[in-house]
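final31.pdb, holding PDB, C-alpha atoms:
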```pdb
MODEL        1
ATOM      1  CA  MET A  11       3.013 236.744  87.066
ATOM      2  CA  THR A  12       5.308 233.959  88.140
ATOM      3  CA  VAL A  13       5.462 231.263  90.795
ATOM      4  CA  SER A  14       6.727 232.696  94.081
ATOM      5  CA  PRO A  15       9.937 231.192  95.502
ATOM      6  CA  ALA A  16       7.940 230.065  98.557
ATOM      7  CA  LEU A  17       5.436 228.100  96.473
ATOM      8  CA  ASP A  18       8.212 226.701  94.318
ATOM      9  CA  GLU A  19      10.065 225.419  97.384
ATOM     10  CA  ARG A  20       6.845 224.092  98.849
ATOM     11  CA  PHE A  21       6.184 221.995  95.753
ATOM     12  CA  ARG A  22       9.764 220.698  95.641
ATOM     13  CA  ALA A  23       9.588 219.682  99.301
ATOM     14  CA  ALA A  24       6.186 218.026  98.819
ATOM     15  CA  ALA A  25       7.485 216.050  95.833
ATOM     16  CA  ALA A  26      10.341 214.678  97.923
ATOM     17  CA  ALA A  27       8.138 214.040 100.981
ATOM     18  CA  ALA A  28       5.694 212.053  98.824
ATOM     19  CA  ASN A  29       8.601 209.903  97.695
ATOM     20  CA  LEU A  30       7.974 210.698  94.040
ATOM     21  CA  LEU A  31      11.533 211.452  92.918
ATOM     22  CA  ASP A  32      14.040 209.207  91.189
ATOM     23  CA  VAL A  33      16.788 211.725  91.945
ATOM     24  CA  ALA A  34      16.755 214.830  94.152
ATOM     25  CA  PHE A  35      19.628 217.235  93.616
ATOM     26  CA  ASP A  36      20.869 220.523  94.959
ATOM     27  CA  VAL A  37      23.901 222.753  94.660
ATOM     28  CA  ILE A  38      26.022 223.277  97.761
ATOM     29  CA  ASP A  39      27.559 226.691  97.232
ATOM     30  CA  ASP A  40      29.901 227.178 100.120
ATOM     31  CA  THR A  41      32.516 224.412 100.215
ATOM     32  CA  PRO A  42      36.259 225.130 100.400
ATOM     33  CA  ILE A  43      36.692 223.547  96.974
ATOM     34  CA  GLY A  44      33.920 225.531  95.316
ATOM     35  CA  PRO A  45      30.269 224.793  94.593
ATOM     36  CA  LEU A  46      29.234 221.145  94.355
ATOM     37  CA  LEU A  47      26.205 219.625  92.697
ATOM     38  CA  VAL A  48      24.923 216.711  94.810
ATOM     39  CA  GLY A  49      22.343 214.129  93.705
ATOM     40  CA  VAL A  50      20.673 211.526  95.897
ATOM     41  CA  THR A  51      18.342 208.567  95.365
ATOM     42  CA  ASP A  52      16.531 206.228  97.766
ATOM     43  CA  HIS A  53      19.730 204.204  97.800
ATOM     44  CA  GLY A  54      22.137 206.964  98.761
ATOM     45  CA  VAL A  55      24.290 209.575  97.080
ATOM     46  CA  CYS A  56      24.468 209.091  93.307
ATOM     47  CA  ARG A  57      26.276 212.198  92.063
ATOM     48  CA  ILE A  58      28.789 214.778  93.207
ATOM     49  CA  SER A  59      30.058 217.189  90.603
ATOM     50  CA  PHE A  60      32.466 220.110  90.642
ATOM     51  CA  ASP A  61      30.499 221.594  87.780
ATOM     52  CA  PRO A  62      27.374 222.975  89.467
ATOM     53  CA  ASP A  63      25.689 223.900  86.191
ATOM     54  CA  SER A  64      22.908 221.358  86.380
ATOM     55  CA  GLU A  65      21.810 221.313  82.727
ATOM     56  CA  HIS A  66      23.900 218.484  81.395
ATOM     57  CA  HIS A  67      23.768 216.444  84.607
ATOM     58  CA  LEU A  68      20.000 216.239  84.450
ATOM     59  CA  ASP A  69      19.877 214.214  81.246
ATOM     60  CA  GLN A  70      22.520 211.817  82.514
ATOM     61  CA  LEU A  71      20.775 211.333  85.846
ATOM     62  CA  ALA A  72      17.422 210.815  84.113
ATOM     63  CA  ARG A  73      18.896 208.171  81.843
ATOM     64  CA  GLN A  74      20.580 206.335  84.697
ATOM     65  CA  PHE A  75      17.931 206.510  87.423
ATOM     66  CA  GLY A  76      14.625 207.603  85.838
ATOM     67  CA  PRO A  77      13.091 210.850  84.564
ATOM     68  CA  ARG A  78      11.805 212.229  87.866
ATOM     69  CA  VAL A  79      14.852 214.367  88.560
ATOM     70  CA  LEU A  80      14.079 217.488  90.589
ATOM     71  CA  ARG A  81      16.005 220.034  92.611
ATOM     72  CA  SER A  82      14.946 219.643  96.228
ATOM     73  CA  SER A  83      17.136 220.566  99.164
ATOM     74  CA  LYS A  84      15.729 218.434 101.976
ATOM     75  CA  PRO A  85      16.776 215.003 100.676
ATOM     76  CA  VAL A  86      20.298 216.316 100.084
ATOM     77  CA  GLU A  87      20.685 217.618 103.638
ATOM     78  CA  ARG A  88      22.351 214.544 105.045
ATOM     79  CA  VAL A  89      25.076 214.515 102.398
ATOM     80  CA  ARG A  90      25.514 218.243 102.828
ATOM     81  CA  ARG A  91      26.061 217.771 106.575
ATOM     82  CA  GLU A  92      28.552 214.936 106.091
ATOM     83  CA  LEU A  93      30.478 216.980 103.517
ATOM     84  CA  ASP A  94      30.550 219.971 105.890
ATOM     85  CA  GLU A  95      31.994 217.761 108.615
ATOM     86  CA  TYR A  96      34.522 216.303 106.205
ATOM     87  CA  PHE A  97      35.716 219.729 105.082
ATOM     88  CA  GLU A  98      35.985 220.840 108.708
ATOM     89  CA  GLY A  99      38.205 217.837 109.419
ATOM     90  CA  ARG A 100      35.650 216.272 111.743
ATOM     91  CA  ARG A 101      34.713 213.309 109.526
ATOM     92  CA  GLU A 102      36.989 210.657 108.046
ATOM     93  CA  HIS A 103      34.365 208.270 106.772
ATOM     94  CA  PHE A 104      31.051 208.881 104.994
ATOM     95  CA  ASP A 105      28.023 207.059 106.378
ATOM     96  CA  VAL A 106      25.824 207.791 103.366
ATOM     97  CA  GLU A 107      25.873 204.919 100.865
ATOM     98  CA  PRO A 108      27.171 205.523  97.335
ATOM     99  CA  ASP A 109      24.578 204.554  94.713
ATOM    100  CA  ILE A 110      26.463 203.238  91.692
ATOM    101  CA  ARG A 111      23.653 201.138  90.196
ATOM    102  CA  GLY A 112      23.606 201.266  86.431
ATOM    103  CA  LEU A 113      27.357 201.609  85.977
ATOM    104  CA  PRO A 114      29.259 198.927  84.021
ATOM    105  CA  ALA A 115      30.206 195.940  86.198
ATOM    106  CA  TYR A 116      33.934 196.674  85.922
ATOM    107  CA  ASN A 117      33.467 200.271  87.097
ATOM    108  CA  GLN A 118      31.398 199.057  90.044
ATOM    109  CA  LYS A 119      34.107 196.587  91.011
ATOM    110  CA  VAL A 120      36.889 199.182  90.854
ATOM    111  CA  LEU A 121      34.820 201.792  92.721
ATOM    112  CA  ALA A 122      33.977 199.256  95.440
ATOM    113  CA  GLU A 123      37.690 198.633  95.911
ATOM    114  CA  LEU A 124      38.385 202.375  95.857
ATOM    115  CA  ALA A 125      35.854 202.846  98.679
ATOM    116  CA  ARG A 126      38.180 200.829 100.943
ATOM    117  CA  VAL A 127      41.100 203.230 100.594
ATOM    118  CA  GLU A 128      41.215 204.956 103.961
ATOM    119  CA  TYR A 129      41.243 208.623 104.868
ATOM    120  CA  GLY A 130      44.695 210.140 104.765
ATOM    121  CA  ARG A 131      46.193 207.257 102.762
ATOM    122  CA  THR A 132      46.974 207.027  99.080
ATOM    123  CA  THR A 133      47.178 204.132  96.686
ATOM    124  CA  THR A 134      48.194 203.790  93.040
ATOM    125  CA  TYR A 135      46.306 203.042  89.840
ATOM    126  CA  GLY A 136      48.391 199.854  89.480
ATOM    127  CA  THR A 137      47.535 198.650  92.991
ATOM    128  CA  LEU A 138      43.821 199.135  92.389
ATOM    129  CA  ALA A 139      44.196 197.340  89.063
ATOM    130  CA  ALA A 140      45.876 194.381  90.790
ATOM    131  CA  LEU A 141      43.210 194.282  93.494
ATOM    132  CA  THR A 142      40.478 194.118  90.866
ATOM    133  CA  GLY A 143      42.007 191.258  88.935
ATOM    134  CA  ASN A 144      44.362 192.672  86.308
ATOM    135  CA  PRO A 145      47.659 194.301  87.404
ATOM    136  CA  ARG A 146      48.197 195.660  83.897
ATOM    137  CA  ALA A 147      44.901 197.541  83.778
ATOM    138  CA  ALA A 148      46.224 200.714  85.456
ATOM    139  CA  ARG A 149      45.054 202.796  82.511
ATOM    140  CA  ALA A 150      41.549 201.320  82.642
ATOM    141  CA  VAL A 151      41.462 202.101  86.370
ATOM    142  CA  GLY A 152      42.490 205.663  85.522
ATOM    143  CA  THR A 153      39.508 205.935  83.186
ATOM    144  CA  VAL A 154      37.169 204.662  85.891
ATOM    145  CA  MET A 155      38.579 207.254  88.305
ATOM    146  CA  ASN A 156      38.137 209.965  85.702
ATOM    147  CA  ARG A 157      34.457 209.023  85.364
ATOM    148  CA  ASN A 158      33.835 208.522  89.067
ATOM    149  CA  PRO A 159      30.279 209.849  89.532
ATOM    150  CA  ILE A 160      30.699 210.428  93.279
ATOM    151  CA  PRO A 161      34.126 211.981  93.947
ATOM    152  CA  ILE A 162      35.096 212.783  97.569
ATOM    153  CA  VAL A 163      32.707 210.098  98.933
ATOM    154  CA  LEU A 164      34.357 207.588  96.596
ATOM    155  CA  PRO A 165      37.867 208.894  97.194
ATOM    156  CA  CYS A 166      39.516 208.887  93.773
ATOM    157  CA  HIS A 167      41.660 211.800  95.007
ATOM    158  CA  ARG A 168      43.559 209.175  97.039
ATOM    159  CA  VAL A 169      44.781 207.421  93.889
ATOM    160  CA  VAL A 170      48.143 208.640  92.581
ATOM    161  CA  GLY A 171      50.770 207.584  90.046
ATOM    162  CA  ALA A 172      53.364 204.887  90.812
ATOM    163  CA  SER A 173      56.013 207.609  91.227
ATOM    164  CA  GLY A 174      53.849 209.412  93.764
ATOM    165  CA  SER A 175      52.896 212.179  91.337
ATOM    166  CA  LEU A 176      49.286 213.310  91.564
ATOM    167  CA  THR A 177      48.758 212.471  87.865
ATOM    168  CA  GLY A 178      45.225 213.776  87.217
ATOM    169  CA  TYR A 179      41.808 214.595  88.626
ATOM    170  CA  ALA A 180      38.527 215.199  86.858
ATOM    171  CA  GLY A 181      37.885 218.132  89.202
ATOM    172  CA  GLY A 182      41.295 219.673  88.504
ATOM    173  CA  LEU A 183      44.641 218.851  90.111
ATOM    174  CA  HIS A 184      44.426 221.800  92.508
ATOM    175  CA  ARG A 185      41.363 220.217  94.095
ATOM    176  CA  LYS A 186      43.064 216.835  94.409
ATOM    177  CA  GLU A 187      45.951 218.518  96.144
ATOM    178  CA  GLN A 188      43.603 220.445  98.415
ATOM    179  CA  LEU A 189      41.741 217.284  99.478
ATOM    180  CA  LEU A 190      44.953 215.360 100.136
ATOM    181  CA  ARG A 191      46.286 218.256 102.215
ATOM    182  CA  LEU A 192      43.049 218.390 104.176
ATOM    183  CA  GLU A 193      43.478 214.701 104.981
ATOM    184  CA  GLY A 194      47.120 215.149 105.887
ATOM    185  CA  ALA A 195      48.298 212.890 103.084
ATOM    186  CA  LEU A 196      50.267 215.770 101.564
ATOM    187  CA  LEU A 197      52.375 218.264 103.413
TER     188      LEU A 197
ATOM    189  CA  MET B   9      12.918 210.615  75.275
ATOM    190  CA  ILE B  10      11.129 212.173  78.240
ATOM    191  CA  PRO B  11      12.997 215.236  79.553
ATOM    192  CA  PRO B  12      14.083 215.314  83.203
ATOM    193  CA  PHE B  13      11.169 216.511  85.318
ATOM    194  CA  GLU B  14      13.139 219.587  86.390
ATOM    195  CA  THR B  15      13.318 220.762  82.760
ATOM    196  CA  PHE B  16       9.620 220.124  82.188
ATOM    197  CA  TYR B  17       8.643 221.835  85.447
ATOM    198  CA  GLU B  18      10.783 224.908  84.826
ATOM    199  CA  ALA B  19       9.393 225.274  81.315
ATOM    200  CA  HIS B  20       5.730 225.228  82.326
ATOM    201  CA  ARG B  21       5.347 226.256  85.973
ATOM    202  CA  ASP B  22       4.715 229.948  85.362
ATOM    203  CA  GLU B  23       2.088 229.553  82.656
ATOM    204  CA  ILE B  24       0.317 226.840  84.665
ATOM    205  CA  TYR B  25       0.346 229.167  87.659
ATOM    206  CA  ARG B  26      -1.165 231.990  85.594
ATOM    207  CA  PHE B  27      -3.795 229.658  84.148
ATOM    208  CA  LEU B  28      -4.842 228.381  87.599
ATOM    209  CA  ASP B  29      -4.826 231.872  89.011
ATOM    210  CA  ARG B  30      -7.217 233.033  86.268
ATOM    211  CA  ARG B  31      -9.547 230.092  86.764
ATOM    212  CA  LEU B  32      -9.526 229.742  90.535
ATOM    213  CA  GLY B  33      -8.317 232.999  92.002
ATOM    214  CA  ARG B  34      -5.618 233.913  94.449
ATOM    215  CA  ASP B  35      -6.999 231.905  97.391
ATOM    216  CA  ARG B  36      -6.913 228.524  95.709
ATOM    217  CA  VAL B  37      -4.145 228.817  93.171
ATOM    218  CA  ASP B  38      -1.293 227.606  95.396
ATOM    219  CA  ASP B  39      -2.874 224.295  96.377
ATOM    220  CA  ALA B  40      -4.039 223.669  92.815
ATOM    221  CA  PHE B  41      -0.557 224.417  91.495
ATOM    222  CA  GLN B  42       1.079 221.936  93.842
ATOM    223  CA  GLU B  43      -1.547 219.291  93.115
ATOM    224  CA  THR B  44      -1.118 219.742  89.347
ATOM    225  CA  PHE B  45       2.605 219.074  89.440
ATOM    226  CA  LEU B  46       2.340 216.275  92.007
ATOM    227  CA  ARG B  47      -0.147 214.528  89.712
ATOM    228  CA  ALA B  48       2.159 215.127  86.768
ATOM    229  CA  LEU B  49       5.031 213.666  88.778
ATOM    230  CA  ARG B  50       3.009 210.551  89.645
ATOM    231  CA  ALA B  51       2.100 209.963  86.006
ATOM    232  CA  TYR B  52       5.492 210.973  84.581
ATOM    233  CA  PRO B  53       7.209 207.561  84.548
ATOM    234  CA  ARG B  54       4.299 206.101  82.581
ATOM    235  CA  LEU B  55       4.625 208.535  79.667
ATOM    236  CA  ASN B  56       5.731 206.879  76.461
ATOM    237  CA  HIS B  57       7.252 209.951  74.880
ATOM    238  CA  GLY B  58       7.917 213.621  75.510
ATOM    239  CA  ASP B  59       5.598 215.057  72.840
ATOM    240  CA  HIS B  60       2.723 217.362  73.785
ATOM    241  CA  LEU B  61       3.876 217.703  77.394
ATOM    242  CA  ARG B  62       2.522 221.222  77.478
ATOM    243  CA  ALA B  63      -0.971 220.178  76.435
ATOM    244  CA  TRP B  64      -0.694 217.254  78.840
ATOM    245  CA  VAL B  65       0.050 219.363  81.903
ATOM    246  CA  PHE B  66      -2.672 221.844  80.935
ATOM    247  CA  THR B  67      -5.081 218.908  80.784
ATOM    248  CA  ILE B  68      -4.082 217.919  84.317
ATOM    249  CA  ALA B  69      -4.476 221.503  85.521
ATOM    250  CA  SER B  70      -7.880 221.753  83.799
ATOM    251  CA  ARG B  71      -9.052 218.598  85.510
ATOM    252  CA  ILE B  72      -8.023 220.026  88.861
ATOM    253  CA  VAL B  73      -9.956 223.202  88.092
ATOM    254  CA  VAL B  74     -13.044 221.159  87.220
ATOM    255  CA  ASP B  75     -12.706 219.070  90.394
ATOM    256  CA  ASP B  76     -12.191 222.155  92.500
ATOM    257  CA  VAL B  77     -15.132 224.027  91.039
ATOM    258  CA  ARG B  78     -17.388 220.982  91.349
ATOM    259  CA  ARG B  79     -16.406 220.522  94.985
ATOM    260  CA  ARG B  80     -17.324 224.074  95.787
ATOM    261  CA  ARG B  81     -20.553 224.487  93.857
ATOM    262  CA  PRO B  82     -23.609 222.275  93.361
ATOM    263  CA  THR B  83     -23.097 220.154  90.253
ATOM    264  CA  ALA B  84     -26.350 221.563  88.882
ATOM    265  CA  GLU B  85     -24.449 224.678  87.965
ATOM    266  CA  LEU B  86     -22.145 222.731  85.690
ATOM    267  CA  PRO B  87     -24.502 220.595  83.631
ATOM    268  CA  GLU B  88     -22.318 220.682  80.545
ATOM    269  CA  LEU B  89     -19.433 218.987  82.384
ATOM    270  CA  VAL B  90     -21.331 215.929  83.604
ATOM    271  CA  THR B  91     -23.073 213.289  81.536
ATOM    272  CA  GLU B  92     -26.342 211.720  82.586
ATOM    273  CA  ASP B  93     -24.815 208.755  84.354
ATOM    274  CA  GLY B  94     -22.683 211.131  86.411
ATOM    275  CA  ARG B  95     -19.400 210.467  84.706
ATOM    276  CA  PRO B  96     -17.410 213.550  83.805
ATOM    277  CA  ALA B  97     -17.717 214.549  80.190
ATOM    278  CA  TYR B  98     -14.007 214.299  79.545
ATOM    279  CA  GLU B  99     -14.069 210.555  80.213
ATOM    280  CA  ASP B 100     -16.596 210.005  77.455
ATOM    281  CA  LEU B 101     -14.724 212.330  75.145
ATOM    282  CA  ALA B 102     -11.460 210.516  75.739
ATOM    283  CA  SER B 103     -12.694 207.321  74.116
ATOM    284  CA  LEU B 104     -14.878 209.070  71.572
ATOM    285  CA  THR B 105     -11.985 211.115  70.213
ATOM    286  CA  GLU B 106      -9.359 208.378  70.191
ATOM    287  CA  ASP B 107      -8.964 208.370  66.409
ATOM    288  CA  LEU B 108      -8.612 212.118  65.923
ATOM    289  CA  PRO B 109      -5.220 213.692  65.124
ATOM    290  CA  PRO B 110      -3.595 214.737  68.430
ATOM    291  CA  LYS B 111      -4.142 218.467  68.069
ATOM    292  CA  GLN B 112      -7.794 218.170  67.104
ATOM    293  CA  ARG B 113      -8.341 215.679  69.886
ATOM    294  CA  ALA B 114      -6.749 217.924  72.489
ATOM    295  CA  ALA B 115      -8.772 220.900  71.276
ATOM    296  CA  VAL B 116     -12.069 218.983  71.376
ATOM    297  CA  VAL B 117     -11.413 217.499  74.829
ATOM    298  CA  LEU B 118     -10.266 220.783  76.331
ATOM    299  CA  ARG B 119     -13.207 222.684  74.825
ATOM    300  CA  TYR B 120     -16.070 220.297  75.456
ATOM    301  CA  GLY B 121     -14.712 218.150  78.262
ATOM    302  CA  TYR B 122     -13.054 220.850  80.352
ATOM    303  CA  ASP B 123     -14.930 223.912  79.194
ATOM    304  CA  LEU B 124     -11.797 225.904  78.479
ATOM    305  CA  ASP B 125     -12.158 228.901  76.213
ATOM    306  CA  TYR B 126     -10.245 229.044  72.941
ATOM    307  CA  GLU B 127      -7.661 231.441  74.253
ATOM    308  CA  GLU B 128      -6.732 228.974  76.994
ATOM    309  CA  ILE B 129      -6.760 226.053  74.594
ATOM    310  CA  GLY B 130      -4.500 228.003  72.260
ATOM    311  CA  ALA B 131      -2.118 228.578  75.175
ATOM    312  CA  ALA B 132      -2.272 224.900  76.148
ATOM    313  CA  LEU B 133      -1.444 223.754  72.650
ATOM    314  CA  GLY B 134       1.255 226.318  72.075
ATOM    315  CA  SER B 135      -0.658 228.018  69.280
ATOM    316  CA  THR B 136      -3.232 230.758  68.844
ATOM    317  CA  GLU B 137      -6.860 231.212  69.795
ATOM    318  CA  GLN B 138      -7.752 231.088  66.125
ATOM    319  CA  ALA B 139      -5.855 227.847  65.528
ATOM    320  CA  ALA B 140      -7.490 226.266  68.598
ATOM    321  CA  ARG B 141     -10.937 227.211  67.298
ATOM    322  CA  GLN B 142     -10.143 225.709  63.910
ATOM    323  CA  ALA B 143      -8.724 222.510  65.408
ATOM    324  CA  ALA B 144     -11.788 222.019  67.610
ATOM    325  CA  SER B 145     -14.239 222.609  64.784
ATOM    326  CA  ALA B 146     -12.279 220.367  62.403
ATOM    327  CA  GLY B 147     -12.333 217.689  65.125
ATOM    328  CA  VAL B 148     -16.072 218.016  65.652
ATOM    329  CA  ARG B 149     -16.737 217.861  61.896
ATOM    330  CA  ARG B 150     -14.709 214.723  61.662
ATOM    331  CA  LEU B 151     -16.474 213.136  64.647
ATOM    332  CA  ARG B 152     -19.858 213.943  63.089
ATOM    333  CA  LYS B 153     -18.808 212.262  59.896
ATOM    334  CA  GLU B 154     -17.517 209.185  61.712
ATOM    335  CA  HIS B 155     -20.514 208.804  63.976
ATOM    336  CA  THR B 156     -23.389 209.341  61.545
TER     337      THR B 156
ENDMDL
END
```
Mind converting the file's structure to structure tokens?
Amino acid sequence: MTVSPALDERFRAAAAAANLLDVAFDVIDDTPIGPLLVGVTDHGVCRISFDPDSEHHLDQLARQFGPRVLRSSKPVERVRRELDEYFEGRREHFDVEPDIRGLPAYNQKVLAELARVEYGRTTTYGTLAALTGNPRAARAVGTVMNRNPIPIVLPCHRVVGASGSLTGYAGGLHRKEQLLRLEGALL
Amino acid sequence: MIPPFETFYEAHRDEIYRFLDRRLGRDRVDDAFQETFLRALRAYPRLNHGDHLRAWVFTIASRIVVDDVRRRRPTAELPELVTEDGRPAYEDLASLTEDLPPKQRAAVVLRYGYDLDYEEIGAALGSTEQAARQAASAGVRRLRKEHT
């Protein structure tokens, strides 16, 4: 005898409604770039991952935000809706706040600057490096992009090499290309 | 290191459900199940380590069973669960058994504080009925020695 899906969902919803979670997460299965794992806190969206297998995310999230990490769909709904609108081309800016508490100060600074890169535009690693205080730190900026915990909302896909080449993307270059095409930044 | 709640919940939800179903029956199991894990969630950030989580959540579930049964029946039917001043027996046992090894302590509290049978205690502690019986009796022997 096992817990019925209805009871399971009821508990997960009650846990979120009682405000008892450090992180609520869910997997959004049906996006044009494949399934996404999305995590949210009281402060906003804290994780988007192209790898929907939750196992190894859970430990990371627990370490960063606290151990009460639970799958619960309701709290994730708002992000899900904004992502849907983005993928349908009806949204150019995310209203949900990125929650990057707990990251190293330098990463926070670079990601805050990244957040200002507008829809449909691209910038370079070197430009972001210059804007955050050290024009020669392009490689360090690349590392921060590679570890961006909230891709799409924090648009690291809009950062390209100085020559205009796409360079790299933690979610795979094909996804970077797909996002830039969606935004009209690539033909 | 305390595991993420999701991991803990997935590992124990089915056996807790079965335990509550046996004790309370189909009508009350759902509410008791939700209350067990909500209580666990409230207490979770205060845990110091991730050992004995299974016994811990069974203790919470047992307490909910006791509360539920007491609410529904006159307390006179459960004399062994309540001490003379009206405090539940498990509160007295908690301080009394503080110095016992963890397994013996859990077995004693679950047996005499929550009135679980040895099969259930074995399940709660991740061992057998026989081992639960031995742990409880070793615990009681030790308490007798310490308190006489």
Residues in the ChimeraX specification (/A :<12) & /B, expressed as an MDAnalysis selection string: chainID B and resid 9:30 34 37:58
Saved selection, atoms kept: C-alpha atoms, as a compact mmCIF listing (two decimals), in the frame of the given file:
```txt
# COMPACT_ATOMS: atom_id res chain seq x y z
CA MET B 9 12.92 210.62 75.28
CA ILE B 10 11.13 212.17 78.24
CA PRO B 11 13.00 215.24 79.55
CA PRO B 12 14.08 215.31 83.20
CA PHE B 13 11.17 216.51 85.32
CA GLU B 14 13.14 219.59 86.39
CA THR B 15 13.32 220.76 82.76
CA PHE B 16 9.62 220.12 82.19
CA TYR B 17 8.64 221.84 85.45
CA GLU B 18 10.78 224.91 84.83
CA ALA B 19 9.39 225.27 81.32
CA HIS B 20 5.73 225.23 82.33
CA ARG B 21 5.35 226.26 85.97
CA ASP B 22 4.72 229.95 85.36
CA GLU B 23 2.09 229.55 82.66
CA ILE B 24 0.32 226.84 84.66
CA TYR B 25 0.35 229.17 87.66
CA ARG B 26 -1.16 231.99 85.59
CA PHE B 27 -3.80 229.66 84.15
CA LEU B 28 -4.84 228.38 87.60
CA ASP B 29 -4.83 231.87 89.01
CA ARG B 30 -7.22 233.03 86.27
CA ARG B 34 -5.62 233.91 94.45
CA VAL B 37 -4.14 228.82 93.17
CA ASP B 38 -1.29 227.61 95.40
CA ASP B 39 -2.87 224.30 96.38
CA ALA B 40 -4.04 223.67 92.82
CA PHE B 41 -0.56 224.42 91.50
CA GLN B 42 1.08 221.94 93.84
CA GLU B 43 -1.55 219.29 93.12
CA THR B 44 -1.12 219.74 89.35
CA PHE B 45 2.60 219.07 89.44
CA LEU B 46 2.34 216.28 92.01
CA ARG B 47 -0.15 214.53 89.71
CA ALA B 48 2.16 215.13 86.77
CA LEU B 49 5.03 213.67 88.78
CA ARG B 50 3.01 210.55 89.64
CA ALA B 51 2.10 209.96 86.01
CA TYR B 52 5.49 210.97 84.58
CA PRO B 53 7.21 207.56 84.55
CA ARG B 54 4.30 206.10 82.58
CA LEU B 55 4.62 208.54 79.67
CA ASN B 56 5.73 206.88 76.46
CA HIS B 57 7.25 209.95 74.88
CA GLY B 58 7.92 213.62 75.51
```
Gap from CA of Gly134 in chain B to CA of Arg36 in chain B - Å, one decimal: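 The value is 25.1 Å.
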Which residues, written as a compact mmCIF listing (two decimals) with C-alpha atoms, in the coordinates of the input, have at least one atom at most 9 Å from Thr137 in chain A, with all atoms listed in the file counted and residues fewer than 4 positions away on the same chain left out?
```txt
# COMPACT_ATOMS: atom_id res chain seq x y z
CA THR A 133 47.18 204.13 96.69
CA LEU A 141 43.21 194.28 93.49
CA THR A 142 40.48 194.12 90.87
CA PRO A 145 47.66 194.30 87.40
CA ALA A 148 46.22 200.71 85.46
CA ALA A 172 53.36 204.89 90.81
```
Polymer residues at most 12 Å from Glu128 in chain B, all atoms listed in the file, same-chain spacing of 4 or more positions, as a list in words: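 Here the qualifying residues turn out to be Glu23, Ile24, Arg26, Phe27, Leu28, Arg30, Arg31, Ala63, Phe66, Thr67, Ala69, Ser70, Ala114, Ala115, Leu118, Arg119, Tyr122, Asp123, Leu124, Ala132, Leu133, Gly134, Ser135, Thr136, Glu137, Gln138, Ala139, Ala140 and Arg141 of chain B.
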Å distance separating CA of Leu124 in chain A from CA of His184 in chain A, one decimal place: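 Computing it gives 20.6 Å between the two atoms.
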The PyMOL selection byres ((chain A and resi 175) around 12) applied to the shown file, residues as a list in words: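 When the PyMOL selection byres ((chain A and resi 175) around 12) is applied, the selected residues are Thr132, Thr133, Thr134, Tyr135, His167, Arg168, Val169, Val170, Gly171, Ala172, Ser173, Gly174, Leu176, Thr177, Gly178, Tyr179, Leu183, Lys186, Glu187 and Leu196 of chain A.
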Spatial neighbours of Ile38 in chain A, 8 Å, only C-alpha atoms, chain gap at least 5 places, as a VMD selection string: chain A and resid 45 to 48 90
Top pick for closest residue to Pro109 in chain B, considering B:Val77, B:Ile129, B:Ile68, B:Ala144 and counting all atoms listed in the file: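 Looking at the shortest contact to Pro109 in chain B, the residue is B:Ala144.
If you count only C-alpha atoms and ignore residues fewer than 2 places along the chain from range 151-159 of chain A, what sits within 7 Å of it is Cys56, Arg57, Ile58, Asn117, Tyr135, Ala139, Ala147, Ala148, Arg149, Pro161, Cys166, Tyr179 and Ala180 of chain A.
Note that CA of Glu98 in chain A and CA of Ser82 in chain A are 24.5 Å apart.
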Selection in question (the file shown): the PyMOL selection byres ((chain A and resi 85-89) around 9). Which residues does it include, as a PDB file with C-alpha atoms, keeping the file's coordinate frame?
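Result file selection-v7.pdb:
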```
ATOM      1  CA  ALA A  23       9.588 219.682  99.301  1.00  0.00           C
ATOM      2  CA  ALA A  26      10.341 214.678  97.923  1.00  0.00           C
ATOM      3  CA  ALA A  27       8.138 214.040 100.981  1.00  0.00           C
ATOM      4  CA  ALA A  34      16.755 214.830  94.152  1.00  0.00           C
ATOM      5  CA  PHE A  35      19.628 217.235  93.616  1.00  0.00           C
ATOM      6  CA  ASP A  36      20.869 220.523  94.959  1.00  0.00           C
ATOM      7  CA  VAL A  48      24.923 216.711  94.810  1.00  0.00           C
ATOM      8  CA  GLY A  49      22.343 214.129  93.705  1.00  0.00           C
ATOM      9  CA  VAL A  50      20.673 211.526  95.897  1.00  0.00           C
ATOM     10  CA  THR A  51      18.342 208.567  95.365  1.00  0.00           C
ATOM     11  CA  GLY A  54      22.137 206.964  98.761  1.00  0.00           C
ATOM     12  CA  VAL A  55      24.290 209.575  97.080  1.00  0.00           C
ATOM     13  CA  SER A  82      14.946 219.643  96.228  1.00  0.00           C
ATOM     14  CA  SER A  83      17.136 220.566  99.164  1.00  0.00           C
ATOM     15  CA  LYS A  84      15.729 218.434 101.976  1.00  0.00           C
ATOM     16  CA  ARG A  90      25.514 218.243 102.828  1.00  0.00           C
ATOM     17  CA  ARG A  91      26.061 217.771 106.575  1.00  0.00           C
ATOM     18  CA  GLU A  92      28.552 214.936 106.091  1.00  0.00           C
ATOM     19  CA  LEU A  93      30.478 216.980 103.517  1.00  0.00           C
ATOM     20  CA  ASP A  94      30.550 219.971 105.890  1.00  0.00           C
ATOM     21  CA  PHE A 104      31.051 208.881 104.994  1.00  0.00           C
ATOM     22  CA  ASP A 105      28.023 207.059 106.378  1.00  0.00           C
ATOM     23  CA  VAL A 106      25.824 207.791 103.366  1.00  0.00           C
TER      24      VAL A 106
END
```
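Across B:Gly147, B:Gly121, B:Gly33, B:Gly130, the tightest approach to Ala102 in chain B is made by B:Gly121 when counting all atoms listed in the file.
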